[in-house]
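Structure first, then comments.
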Amino acid sequence: MPRHAYVNGRYVPHGEAQVHIEDRGYQFADGVYEVVPVFAGRLIDEEPHLDRLAYSLGELRIAWPMSRAALKLVLRELIRRNSLANGIVYLQVTRGVAPRDHRFPEHSRPALVITTRRARPISPAHLANGVPVVTLPDIRWRRCDIKSVSLLPNVLAKQQAVEAGAYESWLIDAEGCVTEGSSTNAWIVTKDGRLVTRDRSAAILSGITRQALLDLVEVEQLIVEERRFTLAEAKAAAEAFLTSSSSFVLPVTRIDGAPVGDGKPGRLTLKLRDTYISHMNHAAAAL
Ligand code: PMP
């Protein structure tokens with residue numbers, strides 16, 4: 001059975017799915033997106049993902065392409081058609097098609113594209129050894145809280161990581177603090193066992209995995225600090241890890257070539273990965 005995409009009201013074979021050349025997403029990156037994890041055929045943390053979509057759309061003054069309830073039905077139908085068990089749903093809303101002009105068009109309809117992708121299994125070596133990150137200046141705009149499709153600095157940062165043999169780039173602001181990764185949130189565990197991740201602001205995307213983990217650790221009585229942390233603090237940390245909807249919780253064991261702690265995945269990090277995976281299992285079973 002061919003994989004399908006959903007494009008502006010129609011389910012079409014993925015290979016034939018197309019948008020117009022004057023879609024403002026294509027010409028101006030004038031659009032937003034979401035990536036929702038799918039586990040055992042169920043959407044995980046769907047509501048916070050749709051809340052974040054609502055926020056991104058609202059900040060850019062793009063209308064919903066359909067009601068939230070209808071969108072939920074389409075997401076389920078695409079998962080069903082594509083027999084997706086584990087993976088992600090990608091959905092993108094742009095301001096729509098209009099003759100090229102920077103100002104907002106008066107009469108465009110928001111355009112909606114949805115695709116699915118099977119999970120790429122995380123390499124056993126990444127899990128066993130953790131992953132290296134390199135650091136780069138954060139050259140992005142000042143509204144990283146909006147999940148905009150304008151991802152060129154993120155693309156360049158990821159490519160630099162790949163070319164340096166690393167898994168991810170951690171981005172450093174003008175004060176020498178870590179904001180986040182090119183497509184992941186950044187965390188450290190201090191030598192005295194405090195869990196630290198950057199506070200929510202326009203400097204980072206408020207990751208749904210980040211928030212889910214914060215909610216989960218609340219019951220574990222860990223000391224959690226949502227605050228800025230410097231690169232020096234990260235390099236001196238006992239453990240480090242990253243979070244995202246497709247990587248879940250992944251140990252970071254090298255920063256710019258230097259080992260974090262003993263250079264092995266941290267105990268707390270691995271525990272938090274298990275905690276997050278149990279959360280997905282419970283969420284999928286409860287639906
Ligand atoms: N930061 C950035 C810049 C991202 O692109 C992503 C992934 N979309 C994340 C953080 C992680 O967010 P989430 O946990 O919602 O996948």
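To be explicit about the labels: the chains of the structure tokens are called A, B, and onward in the order shown, and within each one the residues are counted from 1, while ligands get numbers from 1 in the order they are shown.
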
Residues near region 157-166 of chain A, cut-off 12 Å, only C-alpha atoms, skip fewer than 6 positions along chain, as a list in words: His126, Gly130, Val131, Pro132, Val133, Val134, Thr135, Leu136, Pro137, Asp138, Ile139, Arg140, Leu151, Ile172, Glu180, Gly181, Ser182, Ser183, Thr184, Val252, Thr253, Arg254, Ile255, Asp256 and Gly257 of chain A

Counting only C-alpha atoms and all ligand atoms, give me one row per residue of chain A with an atom at most 10 Å from an atom of ligand 1, showing the shortest contact pair and its distance in Å to one decimal, sorted by chain then residue number, as a Markdown table.
| residue | atom | partner | partner_atom_place_in_ligand_line | distance |
| --- | --- | --- | --- | --- |
| A:Tyr33 | CA | ligand 1 | 8 (N) | 8.6 |
| A:Glu34 | CA | ligand 1 | 8 (N) | 7.0 |
| A:Val35 | CA | ligand 1 | 8 (N) | 6.3 |
| A:Val36 | CA | ligand 1 | 16 (O) | 7.5 |
| A:Pro37 | CA | ligand 1 | 16 (O) | 8.1 |
| A:Asp45 | CA | ligand 1 | 15 (O) | 9.5 |
| A:Pro48 | CA | ligand 1 | 15 (O) | 8.9 |
| A:His49 | CA | ligand 1 | 15 (O) | 7.2 |
| A:Arg52 | CA | ligand 1 | 15 (O) | 8.8 |
| A:Arg140 | CA | ligand 1 | 3 (C) | 9.8 |
| A:Cys144 | CA | ligand 1 | 3 (C) | 7.1 |
| A:Asp145 | CA | ligand 1 | 3 (C) | 8.5 |
| A:Ile146 | CA | ligand 1 | 3 (C) | 9.4 |
| A:Lys147 | CA | ligand 1 | 5 (O) | 7.2 |
| A:Ser148 | CA | ligand 1 | 5 (O) | 9.0 |
| A:Val149 | CA | ligand 1 | 5 (O) | 9.4 |
| A:Leu151 | CA | ligand 1 | 5 (O) | 8.3 |
| A:Pro153 | CA | ligand 1 | 3 (C) | 9.9 |
| A:Asn154 | CA | ligand 1 | 3 (C) | 7.1 |
| A:Val155 | CA | ligand 1 | 5 (O) | 10.0 |
| A:Leu171 | CA | ligand 1 | 3 (C) | 9.7 |
| A:Thr179 | CA | ligand 1 | 1 (N) | 9.0 |
| A:Glu180 | CA | ligand 1 | 1 (N) | 6.1 |
| A:Gly181 | CA | ligand 1 | 1 (N) | 6.0 |
| A:Ser182 | CA | ligand 1 | 3 (C) | 5.1 |
| A:Ser183 | CA | ligand 1 | 5 (O) | 3.5 |
| A:Thr184 | CA | ligand 1 | 10 (C) | 3.7 |
| A:Asn185 | CA | ligand 1 | 10 (C) | 4.5 |
| A:Ala186 | CA | ligand 1 | 10 (C) | 8.1 |
| A:Ala203 | CA | ligand 1 | 3 (C) | 9.6 |
| A:Ile204 | CA | ligand 1 | 1 (N) | 6.3 |
| A:Leu205 | CA | ligand 1 | 1 (N) | 4.7 |
| A:Ser206 | CA | ligand 1 | 12 (O) | 6.5 |
| A:Gly207 | CA | ligand 1 | 12 (O) | 3.4 |
| A:Ile208 | CA | ligand 1 | 15 (O) | 3.8 |
| A:Thr209 | CA | ligand 1 | 14 (O) | 3.7 |
| A:Arg210 | CA | ligand 1 | 14 (O) | 5.5 |
| A:Gln211 | CA | ligand 1 | 14 (O) | 7.7 |
| A:Ala212 | CA | ligand 1 | 14 (O) | 8.4 |
| A:Leu213 | CA | ligand 1 | 14 (O) | 9.5 |
| A:Leu242 | CA | ligand 1 | 11 (C) | 8.7 |
| A:Thr243 | CA | ligand 1 | 14 (O) | 5.9 |
| A:Ser244 | CA | ligand 1 | 14 (O) | 3.6 |
| A:Ser245 | CA | ligand 1 | 16 (O) | 3.7 |
| A:Ser246 | CA | ligand 1 | 16 (O) | 6.5 |
| A:Ser247 | CA | ligand 1 | 16 (O) | 8.2 |
| A:Phe248 | CA | ligand 1 | 14 (O) | 7.5 |
| A:Val249 | CA | ligand 1 | 14 (O) | 9.4 |

Fewer than 4 positions away in the same chain doesn't count, so skip those; otherwise give me all residues within 12 Å of region 214-225 of chain A, counting only C-alpha atoms, as a VMD selection string. chain A and resid 187 to 190 192 to 200 206 to 210 229 243 268 to 269 271 to 280

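Nearest to Arg227 (chain A) of all the residues A:Cys177, A:Pro110, A:Leu75, A:Val260 is A:Cys177, counting only C-alpha atoms.
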
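Here CA of Ala85 (chain A) is placed at a distance of 29.3 Å from CA of Arg267 (chain A).
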
Would you return as a ChimeraX atom specification the members of region 87-271 of chain A that DSSP assigns to strand (DSSP E) on this structure's backbone? /A:87-94,111-118,131-137,168-172,178-181,185-189,195-197,224-226,239-244,248-255,258-259

As a list in words, please: the residues near region 57-70 of chain A (cut-off 10 Å, only C-alpha atoms, same-chain neighbours under 6 positions excluded). Asn8, Gly9, Asp30, Gly31, Val32, Tyr33, Glu47, Leu50, Asp51, Val93, Thr94, Arg95, Gly96, Phe104, Ser108, Arg109, Pro110, Ala111, Leu112, Val113, Arg143, Asp145, Ile146, Lys147 and Ser148 of chain A

Neighbouring residues of region 114-122 of chain A were defined as those with any atom within 8 Å, considering only C-alpha atoms; residues of the same chain fewer than 6 positions away were excluded. Please report them as a ChimeraX atom specification. /A:4-7,14,75,78-79,82,84-92,246-247

Residues of region 14-257 of chain A in alpha helix (DSSP H) according to DSSP, as a VMD selection string? chain A and resid 24 to 28 46 to 60 68 to 81 124 to 129 152 to 163 208 to 218 231 to 235

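Between Ala236 (chain A) and the candidates A:Leu43, A:Ala258, A:Val97, A:Leu250, the tightest atom-to-atom separation, counting only C-alpha atoms, involves A:Ala258.
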
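Taking only C-alpha atoms into account, Leu127 (chain A) lies nearest to A:Lys264 out of the set A:Lys264, A:Arg24, A:Arg76, A:His282.
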
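For the pair CA of Val178 (chain A) and CA of Ala240 (chain A), the interatomic distance is 12.0 Å.
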
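Taking CA of Ile21 (chain A) and CA of Arg142 (chain A) as the two end points, the separation is 28.2 Å.
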
When you count only C-alpha atoms, which of these residues is closest to Ala238 (chain A): A:Asp101, A:Ser169, A:Lys191, A:Glu46? A:Lys191

Test item: residues at most 8 Å from Arg42 (chain A), only C-alpha atoms, excluding those fewer than 2 positions along its chain, as a PDB file with N, CA, C and O atoms, in the first residue's frame:
ATOM      1  N   VAL A  38       4.335   9.280  17.251  1.00  0.00           N
ATOM      2  CA  VAL A  38       3.314   8.226  17.205  1.00  0.00           C
ATOM      3  C   VAL A  38       3.946   6.973  17.786  1.00  0.00           C
ATOM      4  O   VAL A  38       5.048   6.584  17.376  1.00  0.00           O
ATOM      5  N   PHE A  39       3.280   6.403  18.774  1.00  0.00           N
ATOM      6  CA  PHE A  39       3.807   5.229  19.459  1.00  0.00           C
ATOM      7  C   PHE A  39       2.669   4.229  19.524  1.00  0.00           C
ATOM      8  O   PHE A  39       1.553   4.582  19.922  1.00  0.00           O
ATOM      9  N   ALA A  40       2.924   3.001  19.087  1.00  0.00           N
ATOM     10  CA  ALA A  40       1.882   1.965  19.044  1.00  0.00           C
ATOM     11  C   ALA A  40       0.626   2.483  18.331  1.00  0.00           C
ATOM     12  O   ALA A  40      -0.502   2.221  18.741  1.00  0.00           O
ATOM     13  N   ILE A  44       1.120  10.787  20.647  1.00  0.00           N
ATOM     14  CA  ILE A  44       1.551  11.017  22.027  1.00  0.00           C
ATOM     15  C   ILE A  44       1.575  12.523  22.310  1.00  0.00           C
ATOM     16  O   ILE A  44       2.114  13.296  21.519  1.00  0.00           O
ATOM     17  N   ALA A  85       2.820   2.566  12.929  1.00  0.00           N
ATOM     18  CA  ALA A  85       2.839   2.107  14.322  1.00  0.00           C
ATOM     19  C   ALA A  85       3.708   3.063  15.144  1.00  0.00           C
ATOM     20  O   ALA A  85       3.226   3.746  16.046  1.00  0.00           O
ATOM     21  N   ALA A 284      -0.080   5.650  25.226  1.00  0.00           N
ATOM     22  CA  ALA A 284      -0.624   4.876  24.092  1.00  0.00           C
ATOM     23  C   ALA A 284      -1.677   3.889  24.588  1.00  0.00           C
ATOM     24  O   ALA A 284      -2.722   3.702  23.959  1.00  0.00           O
ATOM     25  N   LEU A 287      -5.202   5.411  25.446  1.00  0.00           N
ATOM     26  CA  LEU A 287      -6.038   6.016  24.388  1.00  0.00           C
ATOM     27  C   LEU A 287      -6.992   5.000  23.771  1.00  0.00           C
ATOM     28  O   LEU A 287      -6.734   3.820  23.775  1.00  0.00           O
TER      29      LEU A 287
END
